[in-house]
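Heads up, the thing below is written out as structure tokens.
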Protein chains: 2
Amino acid sequence: MSIRVFAPATVANVACGYDVLGLALGQPGDEVIIKKSDKAGVRITEITGDDGRLPTDPLKNTVGISVIKYLEAIGAKEQGLEITLHKKMPFGSGLGSSAASTVAGVFAANELLGKPLTQENLLPFAMEGERVACGSAHADNVAPALYGGIVLIRSYKPLDVIKLPVPSELYVTVVHPHIEVATKDARQILKSNISFQRAIEQWGNVGGLVAGLYQEDYDLISRSLKDVVVEPVRSILIPGFESVKQAALDNGALGGSISGSGPSIFSLCKGEEIAGQVAEAKRKAFSEIGIHCDVYVSPVNQAGPIVLD
Amino acid sequence: MSIRVFAPATVANVACGYDVLGLALGQPGDEVIIKKSDKAGVRITEITGDDGRLPTDPLKNTVGISVIKYLEAIGAKEQGLEITLHKKMPFGSGLGSSAASTVAGVFAANELLGKPLTQENLLPFAMEGERVACGSAHADNVAPALYGGIVLIRSYKPLDVIKLPVPSELYVTVVHPHIEVATKDARQILKSNISFQRAIEQWGNVGGLVAGLYQEDYDLISRSLKDVVVEPVRSILIPGFESVKQAALDNGALGGSISGSGPSIFSLCKGEEIAGQVAEAKRKAFSEIGIHCDVYVSPVNQAGPIVLD
């Protein structure tokens with residue numbers, strides 16, 4: 001008895017919402033296959049697509065850890081599970097690679113065992129996986145990967161996640177330049193204090209973006225997609241950032257910023273046609289400085305993880 | 001030919017939304033009477049209820065300044081206007097006293113002159129009045145006083161004000177303790193840098209509050225009504241703050257905080273009955289430490305300024 005699950009890549013922060021906003025993409029994402037086993041405990045039997053970089057020791061692997069925590073919570077520590085992980089998205093891309101794997105794993109385990117927990121209640125276990133991957137239990141990738149759509153993490157203590165509405169014509173384009181920025185470096189570059197004035201601008205924009213989503217007001221969404229706190233610091237780690245961002249705006253993007261801790265750059269767009277043009281413009285801008293990119297275009301993924309077979 | 005206008009008191013900040021959120025009260029408020037005159041220019045002929053504290057020189061008076069700026073903008077510098085101001089609300093209360101006068105004045109002038117500008121377009125002139133009163137052109141009192149309802153000032157440069165929905169059972173209670181906190185002191189106590197972690201909590205709550213208003217989700221509104229940045233600093237200027245706040249919560253308030261720069265304390269409540277109990281509990285808590293209060297209970301004022309006759 002086995003199950004195969006896909007969980008999507010995600011864009012954390014969404015410009016103004018550092019640590020509190022995230023959204024799910026249609027592609028890329030990871031696949032996890034989980035099989036019941038007579039031998040007690042969680043084993044990772046195979047990992048593909050990782051170039052040998054991920055540990056197969058379940059206690060050191062984000063998927064392993066989160067499935068183990070999940071089994072403990074439902075009182076099924078002795079359940080035997082064999083996990084296969086197919087990495088189908090890049091590492092260190094700022095697209096929530098570890099979150100996609102972790103959410104796929106926990107969701108698959110819960111489905112396989114007859115859904116003892118609701119999908120929403122799987123979040124704490126997926127966050128444990130993030131703690132292994134990033135050093136802290138952030139939710140801005142795992143929450144949208146698990147819930148789908150656009151989510152607001154209003155609070156971490158206690159955890160309070162709100163699913164926001166997704167305007168019908170909203171598309172996301174992501175370009176992933178082939179350079180690497182480690183999440184830990186991207187976090188360390190940030191200071192522990194920020195300008196009060198910039199913080200006020202930021203929470204004005206968070207309020208504006210949330211209002212824009214409820215009102216399906218693309219202009220308001222566009223005006224609110226600004227990050228005056230983190231982007232000015234982190235963008236120096238991404239060669240060509242300003243010209244790529246400008247190319248997106250010049251081609252009709254509503255706005256955008258660094259995806260998570262980068263180096264991927266996302267844009268929100270109204271409609272598929274503009275999204276395609278924006279993606280191509282960003283690819284071209286990176287290409288002009290000799291950087292090759294992967295490009296992804298999709299509506300916001302409302303489903304989150306899905307059972308493939 | 002004359003007109004008499006009422007404009008309401010307002011609650012700026014609304015807990016989490018320092019400088020970006022504000023709402024209008026039913027009461028108290030100020031009244032302005034404006035009369036056309038054959039003698040060119042703006043004159044303030046009478047001010048009542050101010051104990052002689054407000055200047056009648058129109059260039060030094062918030063109402064005078066904003067009406068003069070308004071006349072300049074519509075190309076009617078030579079228009080003669082005589083202004084009477086009836087202060088019907090306390091100074092230094094944190095309830096937007098100067099904003100109520102200013103909005104009443106500009107609105108009255110515009111009505112009297114046949115509405116050459118829309119109500120929304122009066123905002124920059126009212127903000128000029130705030131610059132005279134507070135030293136800077138804040139909008140979190142004048143915008144809700146002028147627009148009515150609950151407003152988000154997404155941005156100051158450029159000015160971008162969004163009217164948010166008001167859940168049907170939302171009531172506001174305000175207690176104004178008879179102590180005085182000057183707006184300038186309340187601003188000076190704040191630092192120019194804040195903790196990044198607290199800023200993140202704050203913008204999570206701004207997002208949550210905006211979402212709660214759209215969803216009419218009183219629980220979410222309640223969870224989001226937290227100020228972890230300004231209240232911890234400013235509340236030390238208000239004797240009894242913690243016990244008054246606790247009394248409000250114990251009696252069913254959704255939440256609340258300092259109104260503007262204080263010392264008034266507002267609470268949002270679901271329904272008129274709870275609002276009444278909360279107001280009484282706050283009054284009692286202040287009274288126990290020997291501080292007398294004025295108490296106001298009303299739904300959010302959706303109208304803003306109104307013509308009385």
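As shown in the structure tokens, the chain order sets the letters A, B, ...; within each chain, residues go from 1, and ligands are also counted from 1 in the order they appear.
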Interface list for chain B, partner chain A, 8 Å threshold, only C-alpha atoms, as a ChimeraX atom specification: /B:17-20,152-155,162,164,191-197,199-208,210-211,214,224
Cα RMSD of chain A after least-squares fit onto chain B, all atoms paired in order: 0.0 Å
Exercise: His86 (chain B) partners within 8 Å, only C-alpha atoms, chain neighbours under 5 positions left out, as an MDAnalysis selection string: chainID B and resid 30:32 47:49
Please produce a file of those selected residues containing all heavy atoms, as a PDB file, in the first residue's frame.
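Output file out.pdb follows:
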ATOM      1  N   ASP B  30     -16.564  68.245  16.676  1.00  0.00           N
ATOM      2  CA  ASP B  30     -16.581  69.709  16.688  1.00  0.00           C
ATOM      3  C   ASP B  30     -17.564  70.253  15.664  1.00  0.00           C
ATOM      4  O   ASP B  30     -17.903  69.567  14.698  1.00  0.00           O
ATOM      5  CB  ASP B  30     -15.184  70.267  16.389  1.00  0.00           C
ATOM      6  CG  ASP B  30     -14.251  70.171  17.592  1.00  0.00           C
ATOM      7  OD1 ASP B  30     -14.755  69.978  18.716  1.00  0.00           O
ATOM      8  OD2 ASP B  30     -13.036  70.281  17.397  1.00  0.00           O
ATOM      9  N   GLU B  31     -18.000  71.485  15.906  1.00  0.00           N
ATOM     10  CA  GLU B  31     -18.874  72.156  14.950  1.00  0.00           C
ATOM     11  C   GLU B  31     -18.217  73.410  14.406  1.00  0.00           C
ATOM     12  O   GLU B  31     -17.589  74.173  15.153  1.00  0.00           O
ATOM     13  CB  GLU B  31     -20.193  72.564  15.625  1.00  0.00           C
ATOM     14  CG  GLU B  31     -21.177  71.425  15.727  1.00  0.00           C
ATOM     15  CD  GLU B  31     -22.465  71.886  16.408  1.00  0.00           C
ATOM     16  OE1 GLU B  31     -22.870  73.049  16.216  1.00  0.00           O
ATOM     17  OE2 GLU B  31     -23.029  71.065  17.143  1.00  0.00           O
ATOM     18  N   VAL B  32     -18.384  73.594  13.118  1.00  0.00           N
ATOM     19  CA  VAL B  32     -17.879  74.809  12.481  1.00  0.00           C
ATOM     20  C   VAL B  32     -19.029  75.458  11.705  1.00  0.00           C
ATOM     21  O   VAL B  32     -19.782  74.767  11.012  1.00  0.00           O
ATOM     22  CB  VAL B  32     -16.700  74.496  11.540  1.00  0.00           C
ATOM     23  CG1 VAL B  32     -16.436  75.650  10.575  1.00  0.00           C
ATOM     24  CG2 VAL B  32     -15.436  74.198  12.343  1.00  0.00           C
ATOM     25  N   ILE B  47     -14.455  81.610  18.652  1.00  0.00           N
ATOM     26  CA  ILE B  47     -14.153  80.226  19.041  1.00  0.00           C
ATOM     27  C   ILE B  47     -14.747  80.021  20.429  1.00  0.00           C
ATOM     28  O   ILE B  47     -14.472  80.796  21.347  1.00  0.00           O
ATOM     29  CB  ILE B  47     -12.636  79.945  19.084  1.00  0.00           C
ATOM     30  CG1 ILE B  47     -11.972  80.267  17.729  1.00  0.00           C
ATOM     31  CG2 ILE B  47     -12.370  78.492  19.461  1.00  0.00           C
ATOM     32  CD1 ILE B  47     -10.459  80.071  17.709  1.00  0.00           C
ATOM     33  N   THR B  48     -15.548  78.971  20.589  1.00  0.00           N
ATOM     34  CA  THR B  48     -16.087  78.650  21.921  1.00  0.00           C
ATOM     35  C   THR B  48     -15.566  77.281  22.355  1.00  0.00           C
ATOM     36  O   THR B  48     -15.166  76.456  21.534  1.00  0.00           O
ATOM     37  CB  THR B  48     -17.629  78.598  21.926  1.00  0.00           C
ATOM     38  OG1 THR B  48     -18.050  77.465  21.150  1.00  0.00           O
ATOM     39  CG2 THR B  48     -18.239  79.867  21.352  1.00  0.00           C
ATOM     40  N   GLY B  49     -15.561  77.063  23.664  1.00  0.00           N
ATOM     41  CA  GLY B  49     -15.226  75.742  24.208  1.00  0.00           C
ATOM     42  C   GLY B  49     -13.744  75.451  24.265  1.00  0.00           C
ATOM     43  O   GLY B  49     -13.343  74.310  24.530  1.00  0.00           O
TER      44      GLY B  49
END
Close residues, Gly94 (chain A) itself excluded, 7 Å, only C-alpha atoms, min 4 positions apart in chain, as a PyMOL selection string: chain A and resi 259-264
Selected residue of minimal separation from Asp227 (chain A) among A:Gly255, A:Lys60, A:Thr84, A:Tyr171, counting only C-alpha atoms: A:Gly255
All alpha helix (DSSP H) residues (DSSP, backbone) inside region 172-297 of chain B, as a VMD selection string: chain B and resid 183 to 188 196 to 215 218 to 224 231 to 234 241 to 250 272 to 287
Write the residues you've just listed into a file as a CSV table (one decimal), in the first residue's frame, and include C-alpha atoms for each of them.
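Saved file again.csv follows:
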chain,number,residue,atom,x,y,z
B,183,THR,CA,1.0,64.8,21.1
B,184,LYS,CA,4.6,66.0,20.7
B,185,ASP,CA,5.7,64.4,24.0
B,186,ALA,CA,4.0,61.1,23.0
B,187,ARG,CA,5.9,61.2,19.7
B,188,GLN,CA,9.2,62.1,21.2
B,196,PHE,CA,12.7,43.8,13.6
B,197,GLN,CA,10.9,41.0,15.4
B,198,ARG,CA,8.3,43.3,16.8
B,199,ALA,CA,7.8,45.0,13.5
B,200,ILE,CA,7.1,41.6,11.9
B,201,GLU,CA,4.5,40.9,14.7
B,202,GLN,CA,3.0,44.3,14.0
B,203,TRP,CA,2.6,43.8,10.2
B,204,GLY,CA,1.2,40.3,10.8
B,205,ASN,CA,-1.5,42.0,13.0
B,206,VAL,CA,-2.2,44.7,10.5
B,207,GLY,CA,-2.8,42.1,7.9
B,208,GLY,CA,-4.9,40.1,10.3
B,209,LEU,CA,-7.0,43.1,11.3
B,210,VAL,CA,-7.7,44.1,7.6
B,211,ALA,CA,-8.6,40.5,6.8
B,212,GLY,CA,-10.9,40.3,9.9
B,213,LEU,CA,-12.7,43.5,8.8
B,214,TYR,CA,-13.3,42.1,5.3
B,215,GLN,CA,-14.4,38.7,6.6
B,218,TYR,CA,-14.7,39.2,15.1
B,219,ASP,CA,-12.4,36.6,16.6
B,220,LEU,CA,-9.7,37.5,14.0
B,221,ILE,CA,-10.2,41.2,14.7
B,222,SER,CA,-9.8,40.4,18.4
B,223,ARG,CA,-6.6,38.4,17.9
B,224,SER,CA,-5.2,41.1,15.7
B,231,GLU,CA,1.7,50.8,23.3
B,232,PRO,CA,4.5,49.3,25.5
B,233,VAL,CA,6.3,52.7,25.4
B,234,ARG,CA,3.4,55.2,25.5
B,241,PHE,CA,-3.4,51.8,31.7
B,242,GLU,CA,-2.9,48.1,32.3
B,243,SER,CA,-5.8,47.8,34.7
B,244,VAL,CA,-8.1,49.7,32.4
B,245,LYS,CA,-7.1,47.6,29.5
B,246,GLN,CA,-7.6,44.4,31.5
B,247,ALA,CA,-11.0,45.6,32.7
B,248,ALA,CA,-12.1,46.0,29.1
B,249,LEU,CA,-11.0,42.6,28.1
B,250,ASP,CA,-12.5,41.0,31.2
B,272,GLU,CA,-23.9,47.7,21.8
B,273,GLU,CA,-24.6,45.9,25.0
B,274,ILE,CA,-21.0,44.6,25.5
B,275,ALA,CA,-19.7,48.1,24.5
B,276,GLY,CA,-21.7,49.7,27.3
B,277,GLN,CA,-20.4,47.2,29.8
B,278,VAL,CA,-16.8,47.7,28.6
B,279,ALA,CA,-17.1,51.5,28.8
B,280,GLU,CA,-18.5,51.3,32.4
B,281,ALA,CA,-15.7,48.9,33.4
B,282,LYS,CA,-13.0,51.2,32.1
B,283,ARG,CA,-14.6,54.2,33.8
B,284,LYS,CA,-14.6,52.3,37.0
B,285,ALA,CA,-11.0,51.2,36.7
B,286,PHE,CA,-9.9,54.8,36.2
B,287,SER,CA,-12.1,55.9,39.0
Selection: 6 Å around region 74-83 of chain B, only C-alpha atoms, excl. self and same-chain fewer than 2 positions, as a PyMOL selection string: chain B and resi 33-45+71-72
Deliver the residues from the most recent selection as a file, using C-alpha atoms, as an mmCIF file, in the first residue's frame.
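Listed below is the output, again_27.cif:
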data_model
loop_
_atom_site.group_PDB
_atom_site.id
_atom_site.type_symbol
_atom_site.label_atom_id
_atom_site.label_comp_id
_atom_site.auth_asym_id
_atom_site.auth_seq_id
_atom_site.Cartn_x
_atom_site.Cartn_y
_atom_site.Cartn_z
ATOM 1 C CA ILE B 33 -20.130 77.526 11.051
ATOM 2 C CA ILE B 34 -18.924 79.306 7.922
ATOM 3 C CA LYS B 35 -20.544 82.391 6.483
ATOM 4 C CA LYS B 36 -19.780 84.080 3.161
ATOM 5 C CA SER B 37 -18.571 87.627 3.534
ATOM 6 C CA ASP B 38 -18.072 90.519 1.129
ATOM 7 C CA LYS B 39 -14.717 91.251 2.704
ATOM 8 C CA ALA B 40 -11.990 89.204 1.008
ATOM 9 C CA GLY B 41 -10.054 86.602 2.998
ATOM 10 C CA VAL B 42 -10.622 84.172 5.844
ATOM 11 C CA ARG B 43 -11.461 85.448 9.325
ATOM 12 C CA ILE B 44 -12.099 83.489 12.511
ATOM 13 C CA THR B 45 -14.794 85.475 14.245
ATOM 14 C CA LEU B 71 -9.359 78.476 -1.295
ATOM 15 C CA GLU B 72 -5.956 78.857 -2.952
#
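Closest approach to Ser93 (chain A) among A:Pro28, A:His176, A:Pro55, A:Ala126: A:His176, based on only C-alpha atoms.
Across the model, the gap from CA of Leu54 (chain B) to CA of Lys87 (chain B) is 9.8 Å.
Nearest residue to Ala109 (chain A) among A:Leu122, A:Cys269, A:Met127, A:Leu308 is A:Leu122, counting only C-alpha atoms.
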Strand (DSSP E or B) positions in region 97-173 of chain A, given as a list in words: Ile150, Val151, Leu152, Ile153, Arg154, Ser155, Asp160, Val161, Ile162, Lys163, Leu164, Leu170, Tyr171, Val172 and Thr173 of chain A
Output file for the selection above: all heavy atoms, as a short mmCIF file (atom, residue, chain, number, x, y, z; two decimals), in the first residue's frame:
data_model
loop_
_atom_site.label_atom_id
_atom_site.label_comp_id
_atom_site.auth_asym_id
_atom_site.auth_seq_id
_atom_site.Cartn_x
_atom_site.Cartn_y
_atom_site.Cartn_z
N ILE A 150 -2.90 31.99 -1.10
CA ILE A 150 -2.08 33.03 -0.47
C ILE A 150 -2.43 33.02 1.02
O ILE A 150 -3.60 33.08 1.38
CB ILE A 150 -2.39 34.43 -1.05
CG1 ILE A 150 -2.23 34.42 -2.59
CG2 ILE A 150 -1.49 35.50 -0.43
CD1 ILE A 150 -2.61 35.73 -3.26
N VAL A 151 -1.42 32.91 1.86
CA VAL A 151 -1.70 32.85 3.29
C VAL A 151 -0.99 33.96 4.04
O VAL A 151 0.07 34.44 3.64
CB VAL A 151 -1.30 31.49 3.92
CG1 VAL A 151 -2.04 30.33 3.26
CG2 VAL A 151 0.20 31.28 3.88
N LEU A 152 -1.65 34.35 5.12
CA LEU A 152 -1.08 35.29 6.08
C LEU A 152 -0.80 34.53 7.37
O LEU A 152 -1.70 33.88 7.91
CB LEU A 152 -2.08 36.42 6.37
CG LEU A 152 -1.75 37.35 7.55
CD1 LEU A 152 -0.60 38.29 7.20
CD2 LEU A 152 -2.98 38.16 7.97
N ILE A 153 0.45 34.58 7.82
CA ILE A 153 0.75 34.04 9.15
C ILE A 153 0.69 35.23 10.11
O ILE A 153 1.65 35.95 10.30
CB ILE A 153 2.13 33.36 9.19
CG1 ILE A 153 2.15 32.24 8.15
CG2 ILE A 153 2.42 32.79 10.56
CD1 ILE A 153 3.26 32.35 7.17
N ARG A 154 -0.51 35.42 10.69
CA ARG A 154 -0.69 36.60 11.55
C ARG A 154 0.23 36.54 12.75
O ARG A 154 0.77 37.55 13.20
CB ARG A 154 -2.15 36.69 12.05
CG ARG A 154 -2.41 37.98 12.82
CD ARG A 154 -3.66 37.91 13.68
NE ARG A 154 -3.60 36.87 14.69
CZ ARG A 154 -2.97 36.97 15.85
NH1 ARG A 154 -2.32 38.06 16.19
NH2 ARG A 154 -2.97 35.95 16.71
N SER A 155 0.41 35.34 13.29
CA SER A 155 1.20 35.18 14.49
C SER A 155 1.85 33.80 14.50
O SER A 155 1.31 32.84 13.96
CB SER A 155 0.28 35.35 15.71
OG SER A 155 0.81 34.73 16.86
N ASP A 160 -1.10 31.25 13.94
CA ASP A 160 -2.41 31.73 13.47
C ASP A 160 -2.30 32.03 11.98
O ASP A 160 -1.73 33.04 11.58
CB ASP A 160 -2.79 32.99 14.26
CG ASP A 160 -4.23 33.44 14.00
OD1 ASP A 160 -4.96 32.73 13.27
OD2 ASP A 160 -4.62 34.49 14.54
N VAL A 161 -2.81 31.12 11.16
CA VAL A 161 -2.66 31.21 9.72
C VAL A 161 -4.01 31.50 9.08
O VAL A 161 -4.99 30.81 9.37
CB VAL A 161 -2.07 29.92 9.14
CG1 VAL A 161 -1.95 30.02 7.62
CG2 VAL A 161 -0.71 29.64 9.76
N ILE A 162 -4.06 32.53 8.24
CA ILE A 162 -5.31 32.95 7.60
C ILE A 162 -5.16 32.81 6.10
O ILE A 162 -4.20 33.33 5.51
CB ILE A 162 -5.63 34.41 7.98
CG1 ILE A 162 -5.91 34.49 9.48
CG2 ILE A 162 -6.83 34.93 7.19
CD1 ILE A 162 -5.07 35.49 10.19
N LYS A 163 -6.10 32.13 5.48
CA LYS A 163 -6.07 31.99 4.02
C LYS A 163 -6.73 33.21 3.40
O LYS A 163 -7.87 33.54 3.73
CB LYS A 163 -6.78 30.69 3.62
CG LYS A 163 -6.27 30.16 2.31
CD LYS A 163 -6.68 28.73 1.99
CE LYS A 163 -6.37 28.49 0.52
NZ LYS A 163 -6.72 27.15 0.08
N LEU A 164 -6.02 33.88 2.54
CA LEU A 164 -6.54 35.10 1.91
C LEU A 164 -7.16 34.77 0.55
O LEU A 164 -6.81 33.76 -0.06
CB LEU A 164 -5.40 36.11 1.75
CG LEU A 164 -4.72 36.55 3.05
CD1 LEU A 164 -3.50 37.43 2.75
CD2 LEU A 164 -5.68 37.28 3.97
N LEU A 170 -5.05 36.51 -11.19
CA LEU A 170 -3.70 36.70 -10.64
C LEU A 170 -2.76 35.57 -11.05
O LEU A 170 -3.01 34.40 -10.76
CB LEU A 170 -3.77 36.80 -9.11
CG LEU A 170 -2.58 37.47 -8.42
CD1 LEU A 170 -2.47 38.92 -8.83
CD2 LEU A 170 -2.72 37.36 -6.91
N TYR A 171 -1.69 35.93 -11.73
CA TYR A 171 -0.66 34.97 -12.15
C TYR A 171 0.65 35.31 -11.47
O TYR A 171 0.90 36.46 -11.11
CB TYR A 171 -0.47 35.01 -13.67
CG TYR A 171 -1.43 34.09 -14.39
CD1 TYR A 171 -2.77 34.41 -14.49
CD2 TYR A 171 -0.99 32.89 -14.94
CE1 TYR A 171 -3.67 33.56 -15.13
CE2 TYR A 171 -1.88 32.04 -15.58
CZ TYR A 171 -3.20 32.37 -15.68
OH TYR A 171 -4.07 31.52 -16.30
N VAL A 172 1.45 34.28 -11.31
CA VAL A 172 2.77 34.46 -10.71
C VAL A 172 3.82 34.02 -11.71
O VAL A 172 3.70 32.95 -12.32
CB VAL A 172 2.94 33.58 -9.44
CG1 VAL A 172 4.12 34.09 -8.62
CG2 VAL A 172 1.69 33.54 -8.61
N THR A 173 4.84 34.84 -11.88
CA THR A 173 5.99 34.38 -12.66
C THR A 173 7.19 34.39 -11.73
O THR A 173 7.35 35.29 -10.90
CB THR A 173 6.32 35.30 -13.86
OG1 THR A 173 7.01 36.45 -13.38
CG2 THR A 173 5.06 35.72 -14.59
#
